[in-house]
Structures are given as C-alpha cells and as structure tokens.
>>> print(open('my_file_27.cif').read())   # mmCIF, C-alpha atoms and all ligand atoms
data_protein
#
loop_
_atom_site.label_atom_id
_atom_site.label_comp_id
_atom_site.auth_asym_id
_atom_site.auth_seq_id
_atom_site.Cartn_x
_atom_site.Cartn_y
_atom_site.Cartn_z
CA MET J 1 0.00 0.00 0.00
CA SER J 2 1.46 3.35 -0.94
CA GLY J 3 0.05 5.59 1.78
CA SER J 4 -3.54 5.69 2.88
CA VAL J 5 -6.21 7.21 0.66
CA LEU J 6 -8.79 7.13 3.42
CA ARG J 7 -8.34 6.62 7.13
CA ALA J 8 -10.63 6.40 10.11
CA VAL J 9 -8.92 7.06 13.43
CA GLU J 10 -10.73 5.84 16.55
CA VAL J 11 -14.13 6.89 15.18
CA SER J 12 -17.17 6.69 17.39
CA ARG J 13 -20.79 7.50 16.64
CA VAL J 14 -23.37 7.92 19.36
CA PHE J 15 -26.99 8.43 18.35
CA ALA J 16 -29.16 10.19 20.92
CA THR J 17 -32.60 8.60 20.86
CA GLY J 18 -35.71 8.87 22.99
CA ALA J 19 -34.74 5.55 24.55
CA GLY J 20 -31.22 6.76 25.40
CA ASP J 21 -27.86 6.87 23.67
CA VAL J 22 -27.04 4.24 21.05
CA HIS J 23 -23.32 3.59 20.68
CA ALA J 24 -23.25 2.52 17.04
CA LEU J 25 -19.45 2.70 16.76
CA ARG J 26 -16.91 2.65 19.55
CA GLY J 27 -13.38 3.61 18.54
CA VAL J 28 -12.93 1.99 15.13
CA SER J 29 -9.76 2.59 13.13
CA LEU J 30 -9.32 1.58 9.53
CA GLU J 31 -6.96 2.50 6.74
CA VAL J 32 -7.31 1.82 3.04
CA GLY J 33 -4.76 2.39 0.32
CA ALA J 34 -4.90 2.65 -3.47
CA GLY J 35 -5.76 -0.66 -5.11
CA GLU J 36 -6.92 -2.21 -1.86
CA LEU J 37 -10.27 -3.84 -1.13
CA VAL J 38 -11.23 -3.83 2.54
CA VAL J 39 -14.35 -5.74 3.53
CA VAL J 40 -16.16 -4.72 6.70
CA ARG J 41 -18.01 -7.73 8.01
CA GLY J 42 -20.41 -8.03 10.89
CA PRO J 43 -23.90 -9.05 11.92
CA SER J 44 -26.93 -6.80 11.57
CA GLY J 45 -26.61 -3.80 13.86
CA SER J 46 -22.84 -4.11 14.25
CA GLY J 47 -22.25 -0.64 12.79
CA LYS J 48 -21.29 -1.32 9.15
CA THR J 49 -23.59 1.28 7.58
CA THR J 50 -22.68 3.82 10.24
CA LEU J 51 -18.97 3.32 9.47
CA LEU J 52 -19.45 3.57 5.70
CA ASN J 53 -21.51 6.74 6.16
CA LEU J 54 -18.70 8.31 8.19
CA LEU J 55 -16.07 7.26 5.64
CA GLY J 56 -18.16 8.73 2.84
CA GLY J 57 -18.89 12.03 4.53
CA LEU J 58 -22.61 11.28 4.71
CA ASP J 59 -22.45 11.58 8.49
CA ARG J 60 -19.96 12.89 11.04
CA PRO J 61 -18.41 11.00 13.95
CA THR J 62 -19.10 12.06 17.53
CA GLY J 63 -15.51 11.07 18.32
CA GLY J 64 -12.37 10.43 16.30
CA ARG J 65 -11.49 11.57 12.78
CA VAL J 66 -11.83 10.60 9.14
CA LEU J 67 -8.79 11.65 7.10
CA LEU J 68 -8.31 11.92 3.35
CA GLY J 69 -5.08 10.99 1.55
CA ASP J 70 -4.14 14.66 1.21
CA GLY J 71 -4.24 15.01 4.99
CA ARG J 72 -7.49 16.93 5.20
CA GLU J 73 -9.92 15.88 7.90
CA LEU J 74 -13.14 14.99 6.07
CA SER J 75 -15.03 14.86 9.34
CA ALA J 76 -14.13 18.49 10.11
CA LEU J 77 -14.63 20.10 6.69
CA PRO J 78 -17.47 22.55 6.12
CA GLU J 79 -20.52 20.91 4.50
CA LYS J 80 -19.89 22.50 1.10
CA ASP J 81 -16.36 21.09 1.00
CA VAL J 82 -17.63 17.67 2.07
CA LEU J 83 -20.05 17.82 -0.86
CA THR J 84 -17.21 18.60 -3.26
CA VAL J 85 -15.11 15.74 -1.89
CA ARG J 86 -18.08 13.41 -2.24
CA ARG J 87 -18.70 14.42 -5.84
CA GLU J 88 -15.08 14.36 -6.96
CA GLN J 89 -13.42 11.69 -4.88
CA ILE J 90 -15.97 9.20 -3.60
CA GLY J 91 -18.15 6.72 -5.47
CA TYR J 92 -20.94 5.18 -3.40
CA VAL J 93 -22.80 1.94 -4.16
CA PHE J 94 -26.02 1.19 -2.30
CA GLN J 95 -27.65 -2.09 -1.34
CA SER J 96 -30.92 -1.02 -2.97
CA PHE J 97 -29.12 0.27 -6.10
CA GLY J 98 -30.53 3.81 -5.67
CA LEU J 99 -31.32 4.23 -9.36
CA ILE J 100 -33.81 6.83 -10.57
CA PRO J 101 -36.68 4.80 -12.05
CA VAL J 102 -37.68 7.26 -14.80
CA LEU J 103 -34.14 7.52 -16.17
CA SER J 104 -32.43 5.04 -18.49
CA ALA J 105 -29.28 3.20 -17.41
CA ALA J 106 -27.17 5.75 -19.30
CA GLU J 107 -29.02 8.71 -17.79
CA ASN J 108 -28.55 7.30 -14.30
CA VAL J 109 -24.83 6.90 -14.89
CA GLU J 110 -24.69 10.45 -16.24
CA VAL J 111 -26.02 12.07 -13.05
CA PRO J 112 -22.64 12.54 -11.27
CA LEU J 113 -21.15 14.10 -14.41
CA ARG J 114 -24.04 16.57 -14.65
CA LEU J 115 -23.43 17.55 -11.02
CA LEU J 116 -19.78 18.17 -11.93
CA GLU J 117 -20.90 20.21 -14.97
CA VAL J 118 -18.96 18.06 -17.42
CA PRO J 119 -19.76 19.13 -21.01
CA ALA J 120 -22.38 17.04 -22.86
CA ARG J 121 -20.12 15.39 -25.42
CA GLU J 122 -17.61 14.32 -22.78
CA ARG J 123 -20.47 13.06 -20.60
CA ASP J 124 -21.69 10.82 -23.42
CA GLU J 125 -18.24 9.35 -23.96
CA ARG J 126 -17.62 8.72 -20.30
CA VAL J 127 -21.05 7.19 -19.72
CA ALA J 128 -20.54 4.85 -22.69
CA ARG J 129 -17.15 3.82 -21.33
CA ALA J 130 -18.50 3.26 -17.83
CA LEU J 131 -21.36 1.09 -19.09
CA GLU J 132 -18.93 -0.86 -21.25
CA THR J 133 -16.69 -1.46 -18.23
CA VAL J 134 -19.53 -3.10 -16.31
CA GLY J 135 -20.69 -5.09 -19.35
CA LEU J 136 -23.87 -3.16 -20.01
CA ALA J 137 -23.12 -1.32 -23.25
CA ALA J 138 -26.09 -3.03 -24.90
CA HIS J 139 -28.49 -1.95 -22.15
CA ALA J 140 -27.83 1.79 -22.08
CA ARG J 141 -31.35 2.81 -23.01
CA GLN J 142 -33.19 0.47 -20.66
CA ARG J 143 -34.87 1.70 -17.51
CA PRO J 144 -34.00 0.07 -14.17
CA TYR J 145 -37.23 -1.99 -14.07
CA GLU J 146 -36.21 -3.56 -17.41
CA LEU J 147 -32.98 -4.83 -15.89
CA SER J 148 -32.21 -7.72 -13.53
CA GLY J 149 -31.02 -7.00 -9.99
CA GLY J 150 -27.44 -7.81 -10.96
CA GLN J 151 -27.66 -5.53 -13.99
CA GLN J 152 -29.13 -2.73 -11.87
CA GLN J 153 -26.22 -3.03 -9.47
CA ARG J 154 -23.82 -2.88 -12.43
CA VAL J 155 -25.46 0.41 -13.37
CA GLY J 156 -24.97 1.51 -9.74
CA ILE J 157 -21.27 0.63 -9.99
CA ALA J 158 -20.90 2.45 -13.32
CA ARG J 159 -22.55 5.52 -11.77
CA ALA J 160 -20.24 5.33 -8.74
CA LEU J 161 -17.13 5.19 -10.94
CA VAL J 162 -18.00 7.43 -13.89
CA ALA J 163 -16.45 10.51 -12.26
CA GLU J 164 -13.27 8.50 -11.66
CA PRO J 165 -13.15 8.80 -7.88
CA ALA J 166 -10.19 7.59 -5.85
CA ILE J 167 -12.46 5.96 -3.28
CA LEU J 168 -15.23 3.39 -3.70
CA LEU J 169 -17.61 2.70 -0.83
CA ALA J 170 -20.25 0.00 -1.14
CA ASP J 171 -22.75 -0.73 1.62
CA GLU J 172 -23.98 -4.32 1.30
CA PRO J 173 -23.86 -4.07 -2.50
CA THR J 174 -24.97 -7.68 -2.86
CA GLY J 175 -27.63 -7.69 -0.15
CA GLN J 176 -30.51 -7.91 -2.62
CA LEU J 177 -28.93 -10.40 -4.99
CA ASP J 178 -28.91 -14.19 -5.19
CA SER J 179 -25.61 -15.80 -4.24
CA ALA J 180 -24.35 -16.45 -7.80
CA THR J 181 -25.07 -12.88 -8.89
CA ALA J 182 -23.59 -11.58 -5.64
CA ALA J 183 -20.33 -13.39 -6.40
CA THR J 184 -20.09 -11.85 -9.89
CA ILE J 185 -20.75 -8.36 -8.50
CA MET J 186 -18.03 -8.83 -5.86
CA ASP J 187 -15.69 -10.10 -8.60
CA LEU J 188 -16.39 -6.96 -10.59
CA ILE J 189 -15.77 -4.70 -7.58
CA ARG J 190 -12.53 -6.48 -6.82
CA SER J 191 -11.21 -6.36 -10.36
CA LEU J 192 -12.12 -2.67 -10.77
CA THR J 193 -10.48 -1.89 -7.43
CA HIS J 194 -7.23 -3.50 -8.49
CA ARG J 195 -7.22 -2.35 -12.12
CA ARG J 196 -8.03 1.25 -11.29
CA GLY J 197 -6.12 1.53 -8.05
CA LEU J 198 -9.24 2.41 -6.09
CA ALA J 199 -9.35 2.51 -2.31
CA ALA J 200 -12.44 0.39 -1.72
CA VAL J 201 -14.41 -0.40 1.41
CA VAL J 202 -17.30 -2.84 1.07
CA SER J 203 -19.61 -3.97 3.85
CA THR J 204 -21.30 -7.34 3.90
CA HIS J 205 -22.58 -9.91 6.32
CA ASP J 206 -22.00 -12.67 3.81
CA PRO J 207 -18.84 -14.60 4.81
CA VAL J 208 -18.46 -16.01 1.28
CA LEU J 209 -17.97 -12.54 -0.19
CA THR J 210 -15.13 -11.78 2.18
CA GLU J 211 -13.06 -14.20 0.09
CA GLN J 212 -12.61 -11.36 -2.38
CA ALA J 213 -11.08 -9.01 0.19
CA ASP J 214 -7.49 -7.97 0.57
CA ARG J 215 -8.30 -7.35 4.22
CA VAL J 216 -11.27 -8.08 6.42
CA VAL J 217 -12.34 -5.94 9.36
CA ASP J 218 -14.79 -7.62 11.70
CA LEU J 219 -17.23 -5.44 13.59
CA HIS J 220 -19.21 -6.54 16.57
CA ASP J 221 -21.42 -4.21 18.60
CA GLY J 222 -19.64 -1.24 17.03
CA ARG J 223 -16.20 -2.51 17.98
CA PRO J 224 -13.51 -3.99 15.78
CA ARG J 225 -12.50 -7.51 16.73
CA PRO J 226 -8.70 -7.33 16.52
CA ALA J 227 -8.10 -11.06 16.42
CA ALA J 228 -10.27 -11.35 13.36
CA THR J 229 -8.81 -8.37 11.53
CA VAL J 230 -6.75 -10.47 9.19
CA ALA J 231 -4.61 -9.89 6.16
CA LYS J 232 -6.32 -11.93 3.46
CA ARG J 233 -3.76 -11.43 0.72
CA THR J 234 -0.28 -10.10 0.91
CA VAL J 235 0.21 -10.05 -2.84
CA ARG J 236 -2.57 -8.22 -4.63
CA GLU J 237 -3.77 -9.18 -8.05
CA THR J 238 -3.05 -6.24 -10.22
CA GLY J 239 -4.42 -6.24 -13.72
CA ALA J 240 -3.25 -4.09 -16.57
CA GLY J 241 -4.44 -0.49 -16.36
CA GLU J 242 -7.43 0.50 -18.41
N1 LIG Y 301 -30.00 7.30 12.93
C1 LIG Y 301 -29.92 6.43 13.94
N2 LIG Y 301 -30.50 6.69 15.11
C2 LIG Y 301 -30.43 5.83 16.14
N3 LIG Y 301 -29.77 4.65 16.10
C3 LIG Y 301 -29.16 4.33 14.94
C4 LIG Y 301 -29.21 5.18 13.80
N4 LIG Y 301 -28.51 4.59 12.80
C5 LIG Y 301 -28.07 3.42 13.29
N5 LIG Y 301 -28.45 3.26 14.57
C6 LIG Y 301 -28.12 2.12 15.45
O1 LIG Y 301 -26.73 1.92 15.38
C7 LIG Y 301 -26.42 0.53 15.38
C8 LIG Y 301 -25.60 0.19 14.15
O2 LIG Y 301 -26.45 0.33 13.00
P1 LIG Y 301 -25.91 0.11 11.52
O3 LIG Y 301 -27.06 0.39 10.59
O4 LIG Y 301 -24.66 0.86 11.33
O5 LIG Y 301 -25.60 -1.45 11.52
P2 LIG Y 301 -25.31 -2.45 10.31
O6 LIG Y 301 -24.19 -3.32 10.73
O7 LIG Y 301 -25.15 -1.67 9.05
O8 LIG Y 301 -26.66 -3.27 10.24
P3 LIG Y 301 -27.40 -3.98 8.98
O9 LIG Y 301 -26.48 -5.10 8.55
O10 LIG Y 301 -28.69 -4.47 9.56
O11 LIG Y 301 -27.58 -2.93 7.92
C9 LIG Y 301 -27.74 -0.21 15.48
O12 LIG Y 301 -27.98 -0.50 16.84
C10 LIG Y 301 -28.73 0.80 14.96
O13 LIG Y 301 -30.00 0.59 15.51
#
>>> encode(input="my_file_27.cif", output="structure tokens", more="lines below")
Ligand SMILES: Nc1ncnc2c1ncn2[C@@H]1O[C@H](COP(=O)(O)OP(=O)(O)OP(=O)(O)O)[C@@H](O)[C@H]1O
Amino acid sequence: MSGSVLRAVEVSRVFATGAGDVHALRGVSLEVGAGELVVVRGPSGSGKTTLLNLLGGLDRPTGGRVLLGDGRELSALPEKDVLTVRREQIGYVFQSFGLIPVLSAAENVEVPLRLLEVPARERDERVARALETVGLAAHARQRPYELSGGQQQRVGIARALVAEPAILLADEPTGQLDSATAATIMDLIRSLTHRRGLAAVVSTHDPVLTEQADRVVDLHDGRPRPAATVAKRTVRETGAGE
C-alpha cells in the first residue's frame, strides 16, 4: 500500500434517541490504500452502515477523525467542501441500487457528471465507457425496471465510478442479490479496485464474499474484533491499467 487514501482514526458515533444513547461505533480505526479492497463484516446492527456513512462524509463521527489521503480531515470540513469531496473523490454503491426509475441506465450513470458540470459530449463518452466497463453497453437505453437486480447493481457501480473517484464505498452491494449474482458483483468490484487503483471499502454480512477481500475488518457491537482483523492477501492481483 502506498500511503492511505482514506483513514478512520478511533471513530465513534453515538446516536441520541428517545430511549437513550445508542453507541453505534466505539473507537474503530481503519486504513485503506490505493488498489486495496477492505471488507467490513459483521452481523446486523454491528455498525457497518454507520462506518461507511462516516467514511463517505454522509455523516460525522461524535468522536475520532476521518482523514483523506491529502491530509485533510473529512469529518471536520465545512458541508460545502464535504459535498465537493463526495462528488469528486468518492463513489458510493447502495444495497438497494438507488437508481432513478424514470431515467435510463445511461441517464442514471450520467447524473454525477451533470453535477460536476462536465460538457455534454464528454459526458456521453464517459457514460458509454462506464457502461462498457460493467458489461452493459447493450443496455444503455433500458430503464431500471427492465434490468435484472445484478444488472441494476452494475449500473450503480458504473454511476459510482463514472467521475473517476479515488475511493469506492459499497454498503452491502450484494444484499438484494442471489448468491451467484452476488459473487459476480463482488468479482467486478474487486477487479475494478485492483485495475483502477481504487481505495475500496465494502460492507457485507455474507462470509463467502469476504473471500474477495485484501483485508477483512470484523465489527461486533460497534467494535472492531482485533483477532479477526486479518490480512487476506499479501500479494494483490493487479491487472493491466485501463
Ligand atoms: N440514525 C440512527 N438513530 C439511532 N440509532 C441508529 C441510527 N442509525 C443506526 N443506529 C443504530 O446503530 C447501530 C448500528 O447500526 P448500523 O445500521 O450501522 O448497523 P449495520 O451493521 O449496518 O446493520 P445492517 O447489517 O442491519 O444494515 C444499530 O444499533 C442501529 O439501531
């Protein structure tokens, strides 16, 4: 790993609720470098989504810090700067795909580029390339409901990567897919991570999918379990650049 692209240092998140404080995360540290796939594994309620939200700037920790590769503290930036970091540097993949139903696959993938005000011609080229990368070039004009779950998640991955972020975050990206499709989606995430040198963090509670990880971080009741934080691969598979 050549320096961390994203780092959580002793992050905690306490939610104040009517029934009292909920300690969703209690001092979790995690570091991810370019070309590295870290899987966060844990049972329901262990804090996976909370951690991914903090890493992606969708939420702020109540303790600890989230640091970017350039040394800036994401968790302390003003909201408008967090938004810029999210648009330019972070691709996010959701369990429920998060596609806009009235838009075609290509139009969904185009959304991040519109937000970045990329000119139309360049948008078209980049969207076509992104759909090609996930194997959906032939489905560009279809709406989400005309696609299978696996295909919809491929659109979600193309959308997450079309702006060429350095960081990929995926919260249970295979949670709504059958096990065979889930394996192909994890394969795709792994190969894109290695080929493009992404810093990727993926949450899952499926032990089978952790096979694809370079490193696994186990969460339990908002705490990392150090004994189970294992190096899965010391030598990463690196494919030719794209
Ligand atoms: N906005 C919130 N307000 C109050 N409590 C919350 C909030 N978000 C999460 N929690 C609590 O924090 C804990 C961790 O939740 P989180 O969603 O991060 O777990 P998870 O591991 O992603 O679970 P799942 O696998 O079911 O998605 C849970 O006890 C949850 O109820």
>>> closest_residue(input="my_file_27.cif", among="J:Gly47, J:Pro165, J:Pro101, J:Gly71", to="ligand LIG 301 (chain Y)", atoms="only C-alpha atoms and all ligand atoms")
J:Gly47
>>> closest_atom_pairs(input="my_file_27.cif", of="chain J", to="ligand LIG 301 (chain Y)", cutoff="7 Å", atoms="only C-alpha atoms and all ligand atoms", output="CSV")
residue,atom,partner,partner_atom,distance
J:Phe15,CA,Y:LIG301,C2,4.8
J:Ala16,CA,Y:LIG301,C2,6.6
J:Thr17,CA,Y:LIG301,C2,5.9
J:Val22,CA,Y:LIG301,N3,5.7
J:His23,CA,Y:LIG301,O1,6.5
J:Ala24,CA,Y:LIG301,O1,3.9
J:Gly42,CA,Y:LIG301,O6,6.0
J:Pro43,CA,Y:LIG301,O9,5.8
J:Ser44,CA,Y:LIG301,O9,3.5
J:Gly45,CA,Y:LIG301,O5,3.5
J:Ser46,CA,Y:LIG301,O6,3.9
J:Gly47,CA,Y:LIG301,O4,3.2
J:Lys48,CA,Y:LIG301,O6,3.9
J:Thr49,CA,Y:LIG301,O7,3.6
J:Thr50,CA,Y:LIG301,O4,3.7
J:Leu51,CA,Y:LIG301,O4,6.5
J:His205,CA,Y:LIG301,O9,6.6
J:Gly222,CA,Y:LIG301,C8,6.8
>>> closest_atom_pairs(input="my_file_27.cif", of="region 5-79 of chain J", to="region 186-199 of chain J", cutoff="7 Å", atoms="only C-alpha atoms", output="JSON lines")
{"residue": "J:Val5", "atom": "CA", "partner": "J:Ala199", "partner_atom": "CA", "distance": 6.4}
{"residue": "J:Val32", "atom": "CA", "partner": "J:Ala199", "partner_atom": "CA", "distance": 5.8}
{"residue": "J:Gly33", "atom": "CA", "partner": "J:Ala199", "partner_atom": "CA", "distance": 5.3}
{"residue": "J:Ala34", "atom": "CA", "partner": "J:Ala199", "partner_atom": "CA", "distance": 4.6}
{"residue": "J:Gly35", "atom": "CA", "partner": "J:Gly197", "partner_atom": "CA", "distance": 3.7}
{"residue": "J:Glu36", "atom": "CA", "partner": "J:Ala199", "partner_atom": "CA", "distance": 5.3}
{"residue": "J:Leu37", "atom": "CA", "partner": "J:Ala199", "partner_atom": "CA", "distance": 6.5}
>>> atom_distance(input="my_file_27.cif", atom1="CA of Ser4 (chain J)", atom2="CA of Leu169 (chain J)")
14.9 Å
>>> closest_residue(input="my_file_27.cif", among="J:Val9, J:Val155, J:Leu116, J:Leu54", to="Thr84 (chain J)", atoms="only C-alpha atoms")
J:Leu116
>>> atom_distance(input="my_file_27.cif", atom1="CA of Pro144 (chain J)", atom2="CA of Glu132 (chain J)")
16.7 Å
>>> closest_residue(input="my_file_27.cif", among="J:Leu25, J:Ala158, J:Val217, J:Ala8", to="Gly56 (chain J)", atoms="all atoms listed in the file")
J:Ala8
>>> decode(input="my_file_27.cif", residues="region 60-85 of chain J", atoms="N, CA and C atoms", output="PDB file, in the first residue's frame")
ATOM      1  N   ARG J  60     -21.200  12.510  10.345  1.00  0.00           N
ATOM      2  CA  ARG J  60     -19.962  12.892  11.043  1.00  0.00           C
ATOM      3  C   ARG J  60     -19.831  12.105  12.342  1.00  0.00           C
ATOM      4  N   PRO J  61     -18.602  11.745  12.700  1.00  0.00           N
ATOM      5  CA  PRO J  61     -18.414  10.997  13.951  1.00  0.00           C
ATOM      6  C   PRO J  61     -18.633  11.895  15.169  1.00  0.00           C
ATOM      7  N   THR J  62     -19.023  11.302  16.271  1.00  0.00           N
ATOM      8  CA  THR J  62     -19.098  12.056  17.526  1.00  0.00           C
ATOM      9  C   THR J  62     -17.756  12.006  18.249  1.00  0.00           C
ATOM     10  N   GLY J  63     -16.876  11.104  17.807  1.00  0.00           N
ATOM     11  CA  GLY J  63     -15.505  11.074  18.320  1.00  0.00           C
ATOM     12  C   GLY J  63     -14.586  10.527  17.242  1.00  0.00           C
ATOM     13  N   GLY J  64     -13.329  10.911  17.289  1.00  0.00           N
ATOM     14  CA  GLY J  64     -12.370  10.429  16.298  1.00  0.00           C
ATOM     15  C   GLY J  64     -12.419  11.232  15.011  1.00  0.00           C
ATOM     16  N   ARG J  65     -11.639  10.774  14.002  1.00  0.00           N
ATOM     17  CA  ARG J  65     -11.490  11.568  12.781  1.00  0.00           C
ATOM     18  C   ARG J  65     -11.488  10.676  11.549  1.00  0.00           C
ATOM     19  N   VAL J  66     -11.955  11.250  10.447  1.00  0.00           N
ATOM     20  CA  VAL J  66     -11.827  10.597   9.142  1.00  0.00           C
ATOM     21  C   VAL J  66     -10.906  11.471   8.304  1.00  0.00           C
ATOM     22  N   LEU J  67      -9.810  10.878   7.815  1.00  0.00           N
ATOM     23  CA  LEU J  67      -8.792  11.646   7.104  1.00  0.00           C
ATOM     24  C   LEU J  67      -8.689  11.213   5.650  1.00  0.00           C
ATOM     25  N   LEU J  68      -8.527  12.197   4.771  1.00  0.00           N
ATOM     26  CA  LEU J  68      -8.310  11.921   3.355  1.00  0.00           C
ATOM     27  C   LEU J  68      -6.820  11.750   3.098  1.00  0.00           C
ATOM     28  N   GLY J  69      -6.485  11.227   1.904  1.00  0.00           N
ATOM     29  CA  GLY J  69      -5.084  10.991   1.550  1.00  0.00           C
ATOM     30  C   GLY J  69      -4.252  12.249   1.547  1.00  0.00           C
ATOM     31  N   ASP J  70      -4.895  13.403   1.248  1.00  0.00           N
ATOM     32  CA  ASP J  70      -4.144  14.663   1.212  1.00  0.00           C
ATOM     33  C   ASP J  70      -3.993  15.282   2.602  1.00  0.00           C
ATOM     34  N   GLY J  71      -4.432  14.554   3.623  1.00  0.00           N
ATOM     35  CA  GLY J  71      -4.239  15.008   4.992  1.00  0.00           C
ATOM     36  C   GLY J  71      -5.413  15.796   5.559  1.00  0.00           C
ATOM     37  N   ARG J  72      -6.354  16.176   4.680  1.00  0.00           N
ATOM     38  CA  ARG J  72      -7.491  16.932   5.203  1.00  0.00           C
ATOM     39  C   ARG J  72      -8.385  16.024   6.045  1.00  0.00           C
ATOM     40  N   GLU J  73      -9.018  16.647   7.048  1.00  0.00           N
ATOM     41  CA  GLU J  73      -9.924  15.877   7.898  1.00  0.00           C
ATOM     42  C   GLU J  73     -11.341  16.023   7.357  1.00  0.00           C
ATOM     43  N   LEU J  74     -11.803  14.962   6.669  1.00  0.00           N
ATOM     44  CA  LEU J  74     -13.142  14.990   6.068  1.00  0.00           C
ATOM     45  C   LEU J  74     -14.202  15.309   7.112  1.00  0.00           C
ATOM     46  N   SER J  75     -14.017  14.720   8.289  1.00  0.00           N
ATOM     47  CA  SER J  75     -15.028  14.861   9.340  1.00  0.00           C
ATOM     48  C   SER J  75     -15.063  16.258   9.945  1.00  0.00           C
ATOM     49  N   ALA J  76     -14.126  17.128   9.557  1.00  0.00           N
ATOM     50  CA  ALA J  76     -14.131  18.490  10.109  1.00  0.00           C
ATOM     51  C   ALA J  76     -14.338  19.556   9.020  1.00  0.00           C
ATOM     52  N   LEU J  77     -14.472  19.123   7.775  1.00  0.00           N
ATOM     53  CA  LEU J  77     -14.631  20.101   6.695  1.00  0.00           C
ATOM     54  C   LEU J  77     -16.020  20.723   6.735  1.00  0.00           C
ATOM     55  N   PRO J  78     -16.139  21.968   6.267  1.00  0.00           N
ATOM     56  CA  PRO J  78     -17.474  22.545   6.125  1.00  0.00           C
ATOM     57  C   PRO J  78     -18.306  21.726   5.135  1.00  0.00           C
ATOM     58  N   GLU J  79     -19.618  21.761   5.300  1.00  0.00           N
ATOM     59  CA  GLU J  79     -20.515  20.914   4.498  1.00  0.00           C
ATOM     60  C   GLU J  79     -20.300  21.077   2.993  1.00  0.00           C
ATOM     61  N   LYS J  80     -20.048  22.303   2.555  1.00  0.00           N
ATOM     62  CA  LYS J  80     -19.893  22.500   1.099  1.00  0.00           C
ATOM     63  C   LYS J  80     -18.614  21.817   0.582  1.00  0.00           C
ATOM     64  N   ASP J  81     -17.588  21.783   1.400  1.00  0.00           N
ATOM     65  CA  ASP J  81     -16.360  21.093   0.996  1.00  0.00           C
ATOM     66  C   ASP J  81     -16.545  19.568   1.033  1.00  0.00           C
ATOM     67  N   VAL J  82     -17.333  19.113   2.011  1.00  0.00           N
ATOM     68  CA  VAL J  82     -17.630  17.670   2.071  1.00  0.00           C
ATOM     69  C   VAL J  82     -18.357  17.255   0.794  1.00  0.00           C
ATOM     70  N   LEU J  83     -19.282  18.095   0.360  1.00  0.00           N
ATOM     71  CA  LEU J  83     -20.051  17.818  -0.856  1.00  0.00           C
ATOM     72  C   LEU J  83     -19.118  17.713  -2.063  1.00  0.00           C
ATOM     73  N   THR J  84     -18.166  18.628  -2.145  1.00  0.00           N
ATOM     74  CA  THR J  84     -17.205  18.605  -3.256  1.00  0.00           C
ATOM     75  C   THR J  84     -16.364  17.330  -3.205  1.00  0.00           C
ATOM     76  N   VAL J  85     -15.896  16.975  -2.021  1.00  0.00           N
ATOM     77  CA  VAL J  85     -15.109  15.738  -1.886  1.00  0.00           C
ATOM     78  C   VAL J  85     -15.956  14.546  -2.315  1.00  0.00           C
TER      79      VAL J  85
END
